[in-house]
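Structure below is data-v9.cif: mmCIF, C-alpha atoms.
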```cif
data_input
loop_
_atom_site.label_atom_id
_atom_site.label_comp_id
_atom_site.auth_asym_id
_atom_site.auth_seq_id
_atom_site.Cartn_x
_atom_site.Cartn_y
_atom_site.Cartn_z
CA MET P 1 105.55 142.48 104.43
CA PRO P 2 104.50 142.00 100.79
CA LEU P 3 106.85 140.73 98.11
CA ASN P 4 107.99 143.56 95.80
CA ILE P 5 107.69 142.36 92.21
CA ALA P 6 108.46 143.83 88.79
CA VAL P 7 106.62 142.51 85.74
CA ILE P 8 108.81 142.37 82.62
CA GLY P 9 106.88 142.72 79.37
CA LEU P 10 103.58 144.52 78.98
CA GLY P 11 101.89 142.67 76.16
CA ARG P 12 98.66 140.73 76.68
CA MET P 13 100.17 138.46 79.29
CA GLY P 14 102.15 141.12 81.12
CA LYS P 15 99.14 143.38 81.59
CA ARG P 16 97.08 140.48 82.87
CA HIS P 17 99.78 139.42 85.31
CA VAL P 18 99.98 142.95 86.68
CA HIS P 19 96.21 143.02 87.16
CA THR P 20 96.26 139.62 88.89
CA LEU P 21 99.09 140.62 91.22
CA LEU P 22 97.34 143.89 92.12
CA TYR P 23 93.93 142.45 92.93
CA ARG P 24 94.25 138.72 93.58
CA VAL P 25 97.60 138.28 95.34
CA PRO P 26 97.42 140.07 98.72
CA ARG P 27 101.03 139.29 99.69
CA ALA P 28 102.48 140.82 96.50
CA LYS P 29 103.18 144.44 95.56
CA VAL P 30 103.91 145.48 91.98
CA VAL P 31 106.58 148.17 92.23
CA ALA P 32 107.67 148.35 88.59
CA ILE P 33 107.01 147.26 85.04
CA CYS P 34 109.43 147.21 82.13
CA THR P 35 108.78 147.14 78.39
CA THR P 36 110.65 148.30 75.31
CA GLU P 37 107.51 148.97 73.27
CA PRO P 38 106.83 152.75 73.05
CA SER P 39 103.05 152.29 72.84
CA GLU P 40 103.07 150.13 75.96
CA ILE P 41 105.21 152.64 77.84
CA GLU P 42 102.84 155.47 76.94
CA TRP P 43 99.85 153.35 77.94
CA ALA P 44 101.39 152.46 81.32
CA GLN P 45 102.44 156.03 82.11
CA THR P 46 98.89 157.29 81.58
CA ASN P 47 97.00 154.34 83.04
CA PRO P 48 95.21 155.55 86.22
CA GLU P 49 95.51 152.09 87.73
CA TYR P 50 99.29 152.11 87.45
CA THR P 51 99.67 155.66 88.73
CA GLU P 52 97.31 154.94 91.63
CA PHE P 53 99.53 152.08 92.77
CA ASN P 54 102.72 154.10 92.15
CA ILE P 55 104.09 151.56 89.70
CA ALA P 56 107.36 152.74 88.17
CA VAL P 57 107.59 152.40 84.39
CA TYR P 58 110.91 151.53 82.70
CA ASP P 59 111.97 151.11 79.08
CA ASP P 60 115.34 149.55 79.97
CA TYR P 61 115.63 146.29 81.91
CA ASP P 62 119.19 146.89 83.16
CA LYS P 63 118.28 150.38 84.35
CA MET P 64 115.31 149.00 86.25
CA LEU P 65 117.45 146.36 87.96
CA ALA P 66 120.00 148.99 88.94
CA SER P 67 117.57 151.61 90.24
CA GLN P 68 114.90 149.54 91.98
CA THR P 69 116.74 148.95 95.26
CA ASN P 70 113.67 147.53 97.02
CA LEU P 71 112.94 144.97 94.30
CA GLN P 72 112.74 141.32 95.42
CA ALA P 73 111.37 139.37 92.44
CA VAL P 74 110.67 139.61 88.74
CA TRP P 75 107.95 138.02 86.65
CA VAL P 76 109.36 137.52 83.14
CA SER P 77 106.52 137.79 80.64
CA THR P 78 108.33 138.81 77.46
CA SER P 79 108.79 136.86 74.22
CA THR P 80 110.45 133.47 74.63
CA ASP P 81 113.69 134.47 72.88
CA VAL P 82 114.68 136.77 75.79
CA HIS P 83 113.36 134.73 78.73
CA ALA P 84 116.74 133.21 79.57
CA ILE P 85 118.87 136.36 79.51
CA GLN P 86 116.35 138.31 81.58
CA SER P 87 116.08 135.48 84.10
CA LEU P 88 119.88 135.21 84.36
CA LYS P 89 120.28 138.93 84.97
CA ALA P 90 117.68 138.80 87.72
CA ILE P 91 119.37 135.82 89.39
CA GLU P 92 122.73 137.59 89.23
CA LYS P 93 121.07 140.56 90.93
CA GLY P 94 119.84 138.29 93.75
CA LEU P 95 116.18 138.35 92.73
CA HIS P 96 113.57 135.59 92.77
CA VAL P 97 112.20 134.74 89.32
CA LEU P 98 108.97 133.43 87.86
CA CYS P 99 109.62 132.96 84.14
CA GLU P 100 106.84 132.22 81.69
CA LYS P 101 107.17 128.98 79.76
CA PRO P 102 109.38 127.95 78.11
CA ILE P 103 112.61 129.12 79.73
CA SER P 104 114.18 129.57 76.30
CA THR P 105 113.92 128.43 72.69
CA ASP P 106 117.54 127.25 73.06
CA LEU P 107 118.32 124.25 75.28
CA ASP P 108 121.78 125.48 76.25
CA GLU P 109 120.32 128.80 77.34
CA ALA P 110 117.60 127.04 79.30
CA GLN P 111 120.19 124.85 81.01
CA SER P 112 122.22 127.94 81.94
CA VAL P 113 119.21 129.28 83.86
CA VAL P 114 118.82 125.97 85.70
CA THR P 115 122.54 125.96 86.54
CA ALA P 116 122.42 129.57 87.76
CA ALA P 117 119.39 128.82 89.92
CA LYS P 118 121.15 125.82 91.49
CA SER P 119 124.14 127.98 92.33
CA HIS P 120 121.79 130.33 94.22
CA PRO P 121 119.67 128.00 96.37
CA GLU P 122 118.55 131.00 98.43
CA LEU P 123 116.52 132.19 95.43
CA LYS P 124 113.20 130.80 94.21
CA VAL P 125 113.28 130.36 90.44
CA MET P 126 110.25 128.80 88.75
CA ALA P 127 108.98 128.21 85.22
CA GLY P 128 105.36 129.19 84.68
CA PHE P 129 103.60 125.98 83.70
CA SER P 130 100.21 127.42 84.61
CA ARG P 131 98.02 124.40 83.88
CA ARG P 132 99.49 122.64 86.89
CA PHE P 133 97.64 125.24 88.98
CA ASP P 134 94.24 124.71 87.38
CA ALA P 135 91.71 123.07 89.71
CA SER P 136 90.51 120.52 87.15
CA TYR P 137 94.01 119.43 86.13
CA ARG P 138 95.00 119.14 89.78
CA ASP P 139 91.93 117.02 90.47
CA ALA P 140 92.89 114.77 87.56
CA ALA P 141 96.40 114.42 89.01
CA GLU P 142 95.00 113.42 92.41
CA LYS P 143 92.80 110.77 90.80
CA ILE P 144 95.74 109.36 88.83
CA GLN P 145 98.09 109.39 91.80
CA SER P 146 95.50 107.62 93.97
CA GLY P 147 95.38 104.75 91.47
CA SER P 148 91.86 105.43 90.19
CA ILE P 149 92.76 104.51 86.60
CA GLY P 150 95.52 102.03 87.31
CA THR P 151 98.82 102.75 85.56
CA PRO P 152 98.57 105.62 83.04
CA PHE P 153 100.11 104.78 79.67
CA LEU P 154 98.47 107.09 77.12
CA VAL P 155 97.90 110.85 77.07
CA ARG P 156 95.90 112.60 74.36
CA SER P 157 96.08 116.36 74.71
CA ASN P 158 95.45 119.39 72.54
CA THR P 159 95.90 123.15 72.65
CA CYS P 160 93.78 124.84 70.01
CA ASP P 161 93.47 128.61 69.81
CA LEU P 162 90.79 130.77 68.25
CA LYS P 163 91.65 131.82 64.70
CA ASP P 164 93.45 135.17 64.84
CA GLU P 165 92.32 137.73 62.28
CA THR P 166 94.51 140.58 63.58
CA GLY P 167 97.98 139.42 62.53
CA PHE P 168 99.17 139.30 66.14
CA PHE P 169 99.79 135.57 66.12
CA VAL P 170 102.02 135.64 63.04
CA ARG P 171 104.19 138.38 64.55
CA TYR P 172 104.30 136.55 67.86
CA ALA P 173 105.08 133.11 66.37
CA ALA P 174 108.28 134.27 64.71
CA ARG P 175 109.98 134.67 68.11
CA ASN P 176 108.67 131.67 69.99
CA GLY P 177 110.28 128.53 68.64
CA GLY P 178 107.58 127.01 66.44
CA ILE P 179 104.16 125.51 67.05
CA PHE P 180 105.24 122.59 69.26
CA VAL P 181 107.62 124.64 71.41
CA ASP P 182 105.07 127.40 71.86
CA CYS P 183 101.69 125.71 71.63
CA ALA P 184 102.20 122.13 72.90
CA ILE P 185 104.50 123.00 75.77
CA HIS P 186 101.75 122.72 78.39
CA ASP P 187 100.48 119.44 76.94
CA ILE P 188 103.99 118.00 77.14
CA ASP P 189 104.35 119.20 80.72
CA LEU P 190 101.02 117.64 81.72
CA THR P 191 102.12 114.36 80.12
CA LEU P 192 105.32 114.28 82.19
CA TRP P 193 103.31 115.10 85.32
CA TYR P 194 100.58 112.53 84.81
CA MET P 195 102.85 109.70 83.67
CA ASP P 196 105.46 110.30 86.39
CA SER P 197 108.30 111.74 84.31
CA PRO P 198 108.66 109.10 81.57
CA ILE P 199 111.80 109.15 79.40
CA PRO P 200 111.20 109.98 75.71
CA LYS P 201 112.14 107.34 73.14
CA ALA P 202 110.97 108.73 69.77
CA CYS P 203 109.06 111.70 68.31
CA TRP P 204 107.38 112.17 64.95
CA ALA P 205 105.06 114.86 63.63
CA ALA P 206 103.13 116.28 60.69
CA GLY P 207 101.70 119.73 60.06
CA SER P 208 99.59 121.84 57.76
CA LEU P 209 99.05 125.49 56.81
CA GLN P 210 95.35 126.34 56.72
CA ALA P 211 95.06 130.05 57.50
CA HIS P 212 98.53 131.58 57.86
CA PRO P 213 100.64 130.71 54.77
CA GLU P 214 103.12 133.43 55.78
CA LEU P 215 104.30 131.11 58.59
CA ALA P 216 106.11 129.06 55.95
CA GLU P 217 108.83 131.73 55.91
CA ASN P 218 109.72 130.66 59.46
CA GLY P 219 109.39 126.94 58.74
CA ASP P 220 106.25 126.79 60.84
CA VAL P 221 102.62 125.68 60.48
CA ASP P 222 99.30 126.62 62.03
CA ASN P 223 98.05 123.06 62.64
CA ALA P 224 100.18 120.10 63.70
CA VAL P 225 99.99 116.65 65.23
CA GLY P 226 102.85 115.10 67.19
CA ILE P 227 103.33 111.67 68.71
CA VAL P 228 105.83 110.85 71.45
CA GLU P 229 106.77 107.29 72.37
CA PHE P 230 108.32 106.87 75.81
CA TRP P 231 110.49 104.08 77.11
CA GLY P 232 108.33 101.59 78.98
CA GLY P 233 105.45 101.48 76.50
CA LYS P 234 103.86 104.88 77.19
CA ILE P 235 102.59 107.16 74.42
CA ALA P 236 101.42 110.76 74.02
CA TYR P 237 99.47 112.35 71.18
CA PHE P 238 99.38 116.14 70.78
CA TYR P 239 97.27 118.31 68.48
CA CYS P 240 98.09 122.02 68.15
CA SER P 241 96.02 124.54 66.23
CA ARG P 242 95.84 128.30 65.73
CA THR P 243 92.74 128.20 63.53
CA GLN P 244 89.78 127.09 65.61
CA ALA P 245 86.49 128.76 64.66
CA HIS P 246 84.66 128.15 67.93
CA GLY P 247 87.16 129.40 70.54
CA HIS P 248 89.95 128.23 72.83
CA ASP P 249 89.79 124.43 73.00
CA VAL P 250 92.06 122.53 75.40
CA LEU P 251 91.43 118.86 76.10
CA THR P 252 93.46 116.30 78.00
CA GLU P 253 92.60 112.61 78.26
CA ILE P 254 94.71 110.22 80.34
CA THR P 255 94.15 106.50 79.79
CA GLY P 256 95.31 103.92 82.31
CA THR P 257 95.13 100.16 82.74
CA GLU P 258 91.92 100.47 84.80
CA GLY P 259 90.15 103.47 83.26
CA LYS P 260 90.72 107.03 82.11
CA VAL P 261 90.38 110.65 83.21
CA LEU P 262 89.14 113.37 80.87
CA VAL P 263 89.55 117.12 81.38
CA ASN P 264 87.57 119.75 79.42
CA VAL P 265 86.34 117.35 76.74
CA ILE P 266 83.69 119.85 75.65
CA PRO P 267 84.99 123.39 76.33
CA ARG P 268 82.44 125.87 77.62
CA ALA P 269 82.48 129.45 78.85
CA ASN P 270 79.95 128.77 81.62
CA ASN P 271 76.98 126.57 82.51
CA VAL P 272 74.50 128.38 80.26
CA VAL P 273 72.90 126.41 77.43
CA LEU P 274 70.72 128.11 74.82
CA ALA P 275 67.83 125.98 73.61
CA ASP P 276 65.91 127.14 70.52
CA LYS P 277 64.86 125.89 67.11
CA GLY P 278 68.55 125.51 66.25
CA GLY P 279 69.00 122.93 69.03
CA LEU P 280 71.07 123.08 72.21
CA ARG P 281 74.31 125.06 72.26
CA HIS P 282 76.68 126.92 74.54
CA GLU P 283 79.55 129.42 74.24
CA VAL P 284 83.29 128.70 74.49
CA GLN P 285 86.02 130.86 76.03
CA PRO P 286 87.60 132.96 73.26
CA GLU P 287 91.19 132.49 74.48
CA TYR P 288 93.40 130.84 77.08
CA TRP P 289 93.11 133.64 79.65
CA GLN P 290 89.39 133.09 80.22
CA ARG P 291 90.02 129.36 80.64
CA PHE P 292 93.02 129.67 82.99
CA GLU P 293 92.56 133.02 84.75
CA HIS P 294 92.08 131.35 88.14
CA ALA P 295 95.07 129.07 87.54
CA PHE P 296 97.32 132.10 86.94
CA ALA P 297 96.15 133.62 90.23
CA THR P 298 96.84 130.37 92.09
CA GLU P 299 100.28 130.18 90.46
CA ALA P 300 101.11 133.73 91.55
CA ASN P 301 99.95 133.16 95.13
CA GLU P 302 101.91 129.92 95.48
CA PHE P 303 105.07 131.47 94.04
CA VAL P 304 104.81 134.43 96.42
CA ASP P 305 104.19 132.08 99.33
CA ALA P 306 107.24 129.99 98.37
CA VAL P 307 109.39 133.12 98.53
CA LEU P 308 107.97 134.66 101.70
CA SER P 309 107.67 131.36 103.59
CA ASP P 310 110.89 129.85 102.18
CA LYS P 311 109.18 126.82 100.67
CA LYS P 312 110.08 124.82 97.58
CA VAL P 313 108.60 126.24 94.40
CA PRO P 314 105.57 124.18 93.30
CA VAL P 315 107.10 123.33 89.89
CA GLU P 316 110.77 122.36 89.69
CA LEU P 317 112.74 124.38 87.13
CA GLU P 318 114.40 121.27 85.69
CA THR P 319 111.01 120.10 84.42
CA GLY P 320 111.27 122.74 81.73
CA ILE P 321 114.40 121.14 80.26
CA THR P 322 112.71 117.82 79.46
CA VAL P 323 109.66 119.62 78.15
CA MET P 324 111.86 121.66 75.81
CA LYS P 325 113.76 118.57 74.61
CA ILE P 326 110.48 116.96 73.56
CA GLY P 327 109.05 120.17 72.09
CA GLN P 328 112.16 120.78 69.97
CA ALA P 329 112.28 117.13 68.90
CA LEU P 330 108.69 117.39 67.67
CA GLN P 331 109.54 120.61 65.83
CA THR P 332 112.55 118.91 64.22
CA ALA P 333 110.41 115.93 63.23
CA LEU P 334 107.82 118.28 61.73
CA LEU P 335 110.40 120.08 59.57
CA SER P 336 112.46 117.03 58.59
CA GLY P 337 109.77 114.41 58.17
CA GLU P 338 112.02 112.04 60.11
CA VAL P 339 111.59 110.30 63.44
CA VAL P 340 113.71 111.85 66.19
CA ARG P 341 115.02 109.25 68.62
CA PHE P 342 116.30 109.31 72.20
CA ASP P 343 118.47 106.88 74.15
CA GLY P 344 117.46 105.30 77.46
CA LYS P 345 118.67 108.38 79.33
CA GLY P 346 116.50 110.74 77.31
CA GLU P 347 119.29 112.17 75.17
CA ARG P 348 118.80 112.63 71.42
CA VAL P 349 120.74 110.13 69.34
CA ASN P 350 120.27 111.61 65.83
#
```
What does this structure look like when you write it as structure tokens?
Amino acid sequence: MPLNIAVIGLGRMGKRHVHTLLYRVPRAKVVAICTTEPSEIEWAQTNPEYTEFNIAVYDDYDKMLASQTNLQAVWVSTSTDVHAIQSLKAIEKGLHVLCEKPISTDLDEAQSVVTAAKSHPELKVMAGFSRRFDASYRDAAEKIQSGSIGTPFLVRSNTCDLKDETGFFVRYAARNGGIFVDCAIHDIDLTLWYMDSPIPKACWAAGSLQAHPELAENGDVDNAVGIVEFWGGKIAYFYCSRTQAHGHDVLTEITGTEGKVLVNVIPRANNVVLADKGGLRHEVQPEYWQRFEHAFATEANEFVDAVLSDKKVPVELETGITVMKIGQALQTALLSGEVVRFDGKGERVN
């Protein structure tokens, strides 16, 4: 029997998750979607694809939870500021949860989700760190874990988005915790994965406003660099940008004592190269979805399999807590201009 899933949130990500679950996850069945945006509700109610699959459309999350008696899992794809409360309500209802990263912009809220999940071991609750499901990043992990580069001690990673001319990013950014919490969260997660969960020691950061001066009202920037020092002599360098002219540019380089592994050093949409009097050039994916579409499908299939086959979820929920601690420390360092320090147990000391 398929797993009955409701997708919460019908923005860019929500719509894409619904499409992935419908066509690329054979053991899943989308039975409902929920959004509070009137335009999204109207769109869903008239979308032939949704009506063909008999997907129920709700504008109230609590009502959906109460009326969907056959529901087994929810995929939380709303803005970060409501991730925790929606996940908690689903857990209380006895539902499995896949929550998009990060679990919350508030550490106490995020911890409450982890605590609730632990008190319900029969449920599968997972944070959606999608890059862990990308074939290239997984290959890099296998090479590191096999000792190909010796002991990894330095990660250089960036998440750089295409410059947004529509105003969507500015509206979105106000609810998602700042550039490091929103934009560098995957880079931080990859660092913890590749360097075997190192404990943070200190964070410092600097940022700049190049295209979106209105972000200053929220104490945010559109370009930023952060450095994290870990106990044991390991270091990470993160660059975040919302103003790239050429497209979505994600790069990760892991340096070890015997070599290094590089992922997506030169981003490209495909293997086509145009050669003319202007030289040699190729296109780049315009946004993250084109780069990680297959990773999202793999993530969905592995989550569904974990539920239906009663396996451990592929990414432990607790990972999101350490990622958030580092992301918030970088955001604090950006705003204060001060170094944020951690003790040997990974707890902030200032």
Could you check which residues have any atom within 10 Å of (113.2, 127.9, 82.2), counting all atoms listed in the file with coordinates taken straight from the file, and then list them as a ChimeraX atom specification?
/P:80,83-84,87,97-105,107,109-114,117,125-129,316-321,323-324
Contacts of P:Ala173 within 12 Å, all atoms listed in the file, excl. fewer than 5 positions in-chain, as a PDB file with C-alpha atoms, in the coordinates of the input:
```
ATOM      1  CA  SER P  79     108.790 136.860  74.220  1.00  0.00           C
ATOM      2  CA  THR P  80     110.450 133.470  74.630  1.00  0.00           C
ATOM      3  CA  ASP P  81     113.690 134.470  72.880  1.00  0.00           C
ATOM      4  CA  THR P 105     113.920 128.430  72.690  1.00  0.00           C
ATOM      5  CA  ASP P 164      93.450 135.170  64.840  1.00  0.00           C
ATOM      6  CA  GLY P 167      97.980 139.420  62.530  1.00  0.00           C
ATOM      7  CA  PHE P 168      99.170 139.300  66.140  1.00  0.00           C
ATOM      8  CA  GLY P 178     107.580 127.010  66.440  1.00  0.00           C
ATOM      9  CA  ILE P 179     104.160 125.510  67.050  1.00  0.00           C
ATOM     10  CA  PHE P 180     105.240 122.590  69.260  1.00  0.00           C
ATOM     11  CA  VAL P 181     107.620 124.640  71.410  1.00  0.00           C
ATOM     12  CA  ASP P 182     105.070 127.400  71.860  1.00  0.00           C
ATOM     13  CA  CYS P 183     101.690 125.710  71.630  1.00  0.00           C
ATOM     14  CA  HIS P 212      98.530 131.580  57.860  1.00  0.00           C
ATOM     15  CA  GLU P 214     103.120 133.430  55.780  1.00  0.00           C
ATOM     16  CA  LEU P 215     104.300 131.110  58.590  1.00  0.00           C
ATOM     17  CA  ALA P 216     106.110 129.060  55.950  1.00  0.00           C
ATOM     18  CA  GLU P 217     108.830 131.730  55.910  1.00  0.00           C
ATOM     19  CA  ASN P 218     109.720 130.660  59.460  1.00  0.00           C
ATOM     20  CA  GLY P 219     109.390 126.940  58.740  1.00  0.00           C
ATOM     21  CA  ASP P 220     106.250 126.790  60.840  1.00  0.00           C
ATOM     22  CA  VAL P 221     102.620 125.680  60.480  1.00  0.00           C
ATOM     23  CA  ASP P 222      99.300 126.620  62.030  1.00  0.00           C
ATOM     24  CA  ARG P 242      95.840 128.300  65.730  1.00  0.00           C
TER      25      ARG P 242
END
```
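Minimum distance to P:Ile254 across P:Tyr237, P:Trp75, P:Tyr58, P:Phe342 (counting only C-alpha atoms) occurs at P:Tyr237.
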Can you pull out every residue within 6 Å of P:Ser77, counting only C-alpha atoms, but drop anything in the same chain fewer than 2 positions away, and send it as an MDAnalysis selection string?
chainID P and resid 8:9 14 100
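Residues selected in this file by the PyMOL selection byres ((chain P and resi 70) around 12) comprise Pro2, Leu3, Asn4, Ile5, Ala6, Lys29, Val30, Val31, Ala32, Met64, Leu65, Ala66, Ser67, Gln68, Thr69, Leu71, Gln72, Ala73, Val74, Lys93, Gly94 and Leu95 of chain P.
Distance check against P:Glu283 using all atoms listed in the file: of P:Ile235, P:Ala269, P:Val250, P:Ala140, the minimum falls on P:Ala269.
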Wanna dump the stretch 48-157 of chain P-stretch 195-209 of chain P contacts at 10 Å for me, each residue with its shortest atom pair and the distance in Å to one decimal, counting all atoms listed in the file, ordered by chain and number, as a Markdown table?
```
| residue | atom | partner | partner_atom | distance |
| --- | --- | --- | --- | --- |
| P:Ala141 | CA | P:Met195 | CA | 9.6 |
| P:Ile144 | CA | P:Met195 | CA | 8.8 |
| P:Gln145 | CA | P:Asp196 | CA | 9.2 |
| P:Thr151 | CA | P:Met195 | CA | 8.3 |
| P:Pro152 | CA | P:Met195 | CA | 5.9 |
| P:Phe153 | CA | P:Met195 | CA | 6.9 |
| P:Leu154 | CA | P:Met195 | CA | 8.3 |
| P:Val155 | CA | P:Met195 | CA | 8.3 |
```
File for stretch 186-200 of chain P (N, CA and C atoms), as a PDB file, in the first residue's frame:
```
ATOM      1  N   HIS P 186      22.738  24.329   4.099  1.00  0.00           N
ATOM      2  CA  HIS P 186      23.190  23.093   3.464  1.00  0.00           C
ATOM      3  C   HIS P 186      24.713  22.974   3.510  1.00  0.00           C
ATOM      4  N   ASP P 187      25.404  24.085   3.330  1.00  0.00           N
ATOM      5  CA  ASP P 187      26.866  24.066   3.381  1.00  0.00           C
ATOM      6  C   ASP P 187      27.351  23.651   4.771  1.00  0.00           C
ATOM      7  N   ILE P 188      26.674  24.150   5.804  1.00  0.00           N
ATOM      8  CA  ILE P 188      27.024  23.768   7.173  1.00  0.00           C
ATOM      9  C   ILE P 188      26.775  22.279   7.386  1.00  0.00           C
ATOM     10  N   ASP P 189      25.631  21.806   6.903  1.00  0.00           N
ATOM     11  CA  ASP P 189      25.305  20.389   7.047  1.00  0.00           C
ATOM     12  C   ASP P 189      26.328  19.511   6.343  1.00  0.00           C
ATOM     13  N   LEU P 190      26.721  19.877   5.135  1.00  0.00           N
ATOM     14  CA  LEU P 190      27.736  19.102   4.406  1.00  0.00           C
ATOM     15  C   LEU P 190      29.058  19.079   5.174  1.00  0.00           C
ATOM     16  N   THR P 191      29.410  20.212   5.780  1.00  0.00           N
ATOM     17  CA  THR P 191      30.648  20.284   6.558  1.00  0.00           C
ATOM     18  C   THR P 191      30.622  19.296   7.719  1.00  0.00           C
ATOM     19  N   LEU P 192      29.507  19.253   8.447  1.00  0.00           N
ATOM     20  CA  LEU P 192      29.388  18.311   9.568  1.00  0.00           C
ATOM     21  C   LEU P 192      29.453  16.874   9.071  1.00  0.00           C
ATOM     22  N   TRP P 193      28.871  16.612   7.920  1.00  0.00           N
ATOM     23  CA  TRP P 193      28.868  15.269   7.333  1.00  0.00           C
ATOM     24  C   TRP P 193      30.275  14.856   6.913  1.00  0.00           C
ATOM     25  N   TYR P 194      30.934  15.721   6.183  1.00  0.00           N
ATOM     26  CA  TYR P 194      32.241  15.362   5.621  1.00  0.00           C
ATOM     27  C   TYR P 194      33.358  15.333   6.659  1.00  0.00           C
ATOM     28  N   MET P 195      33.231  16.141   7.713  1.00  0.00           N
ATOM     29  CA  MET P 195      34.286  16.177   8.725  1.00  0.00           C
ATOM     30  C   MET P 195      33.894  15.428   9.998  1.00  0.00           C
ATOM     31  N   ASP P 196      32.870  14.548   9.865  1.00  0.00           N
ATOM     32  CA  ASP P 196      32.496  13.626  10.932  1.00  0.00           C
ATOM     33  C   ASP P 196      32.073  14.350  12.203  1.00  0.00           C
ATOM     34  N   SER P 197      31.127  15.253  12.050  1.00  0.00           N
ATOM     35  CA  SER P 197      30.486  15.959  13.174  1.00  0.00           C
ATOM     36  C   SER P 197      31.463  16.672  14.100  1.00  0.00           C
ATOM     37  N   PRO P 198      32.287  17.581  13.575  1.00  0.00           N
ATOM     38  CA  PRO P 198      33.203  18.335  14.444  1.00  0.00           C
ATOM     39  C   PRO P 198      32.430  19.292  15.347  1.00  0.00           C
ATOM     40  N   ILE P 199      33.038  19.658  16.468  1.00  0.00           N
ATOM     41  CA  ILE P 199      32.400  20.569  17.430  1.00  0.00           C
ATOM     42  C   ILE P 199      32.855  22.000  17.141  1.00  0.00           C
ATOM     43  N   PRO P 200      31.916  22.942  16.958  1.00  0.00           N
ATOM     44  CA  PRO P 200      32.315  24.320  16.657  1.00  0.00           C
ATOM     45  C   PRO P 200      33.056  24.968  17.815  1.00  0.00           C
TER      46      PRO P 200
END
```
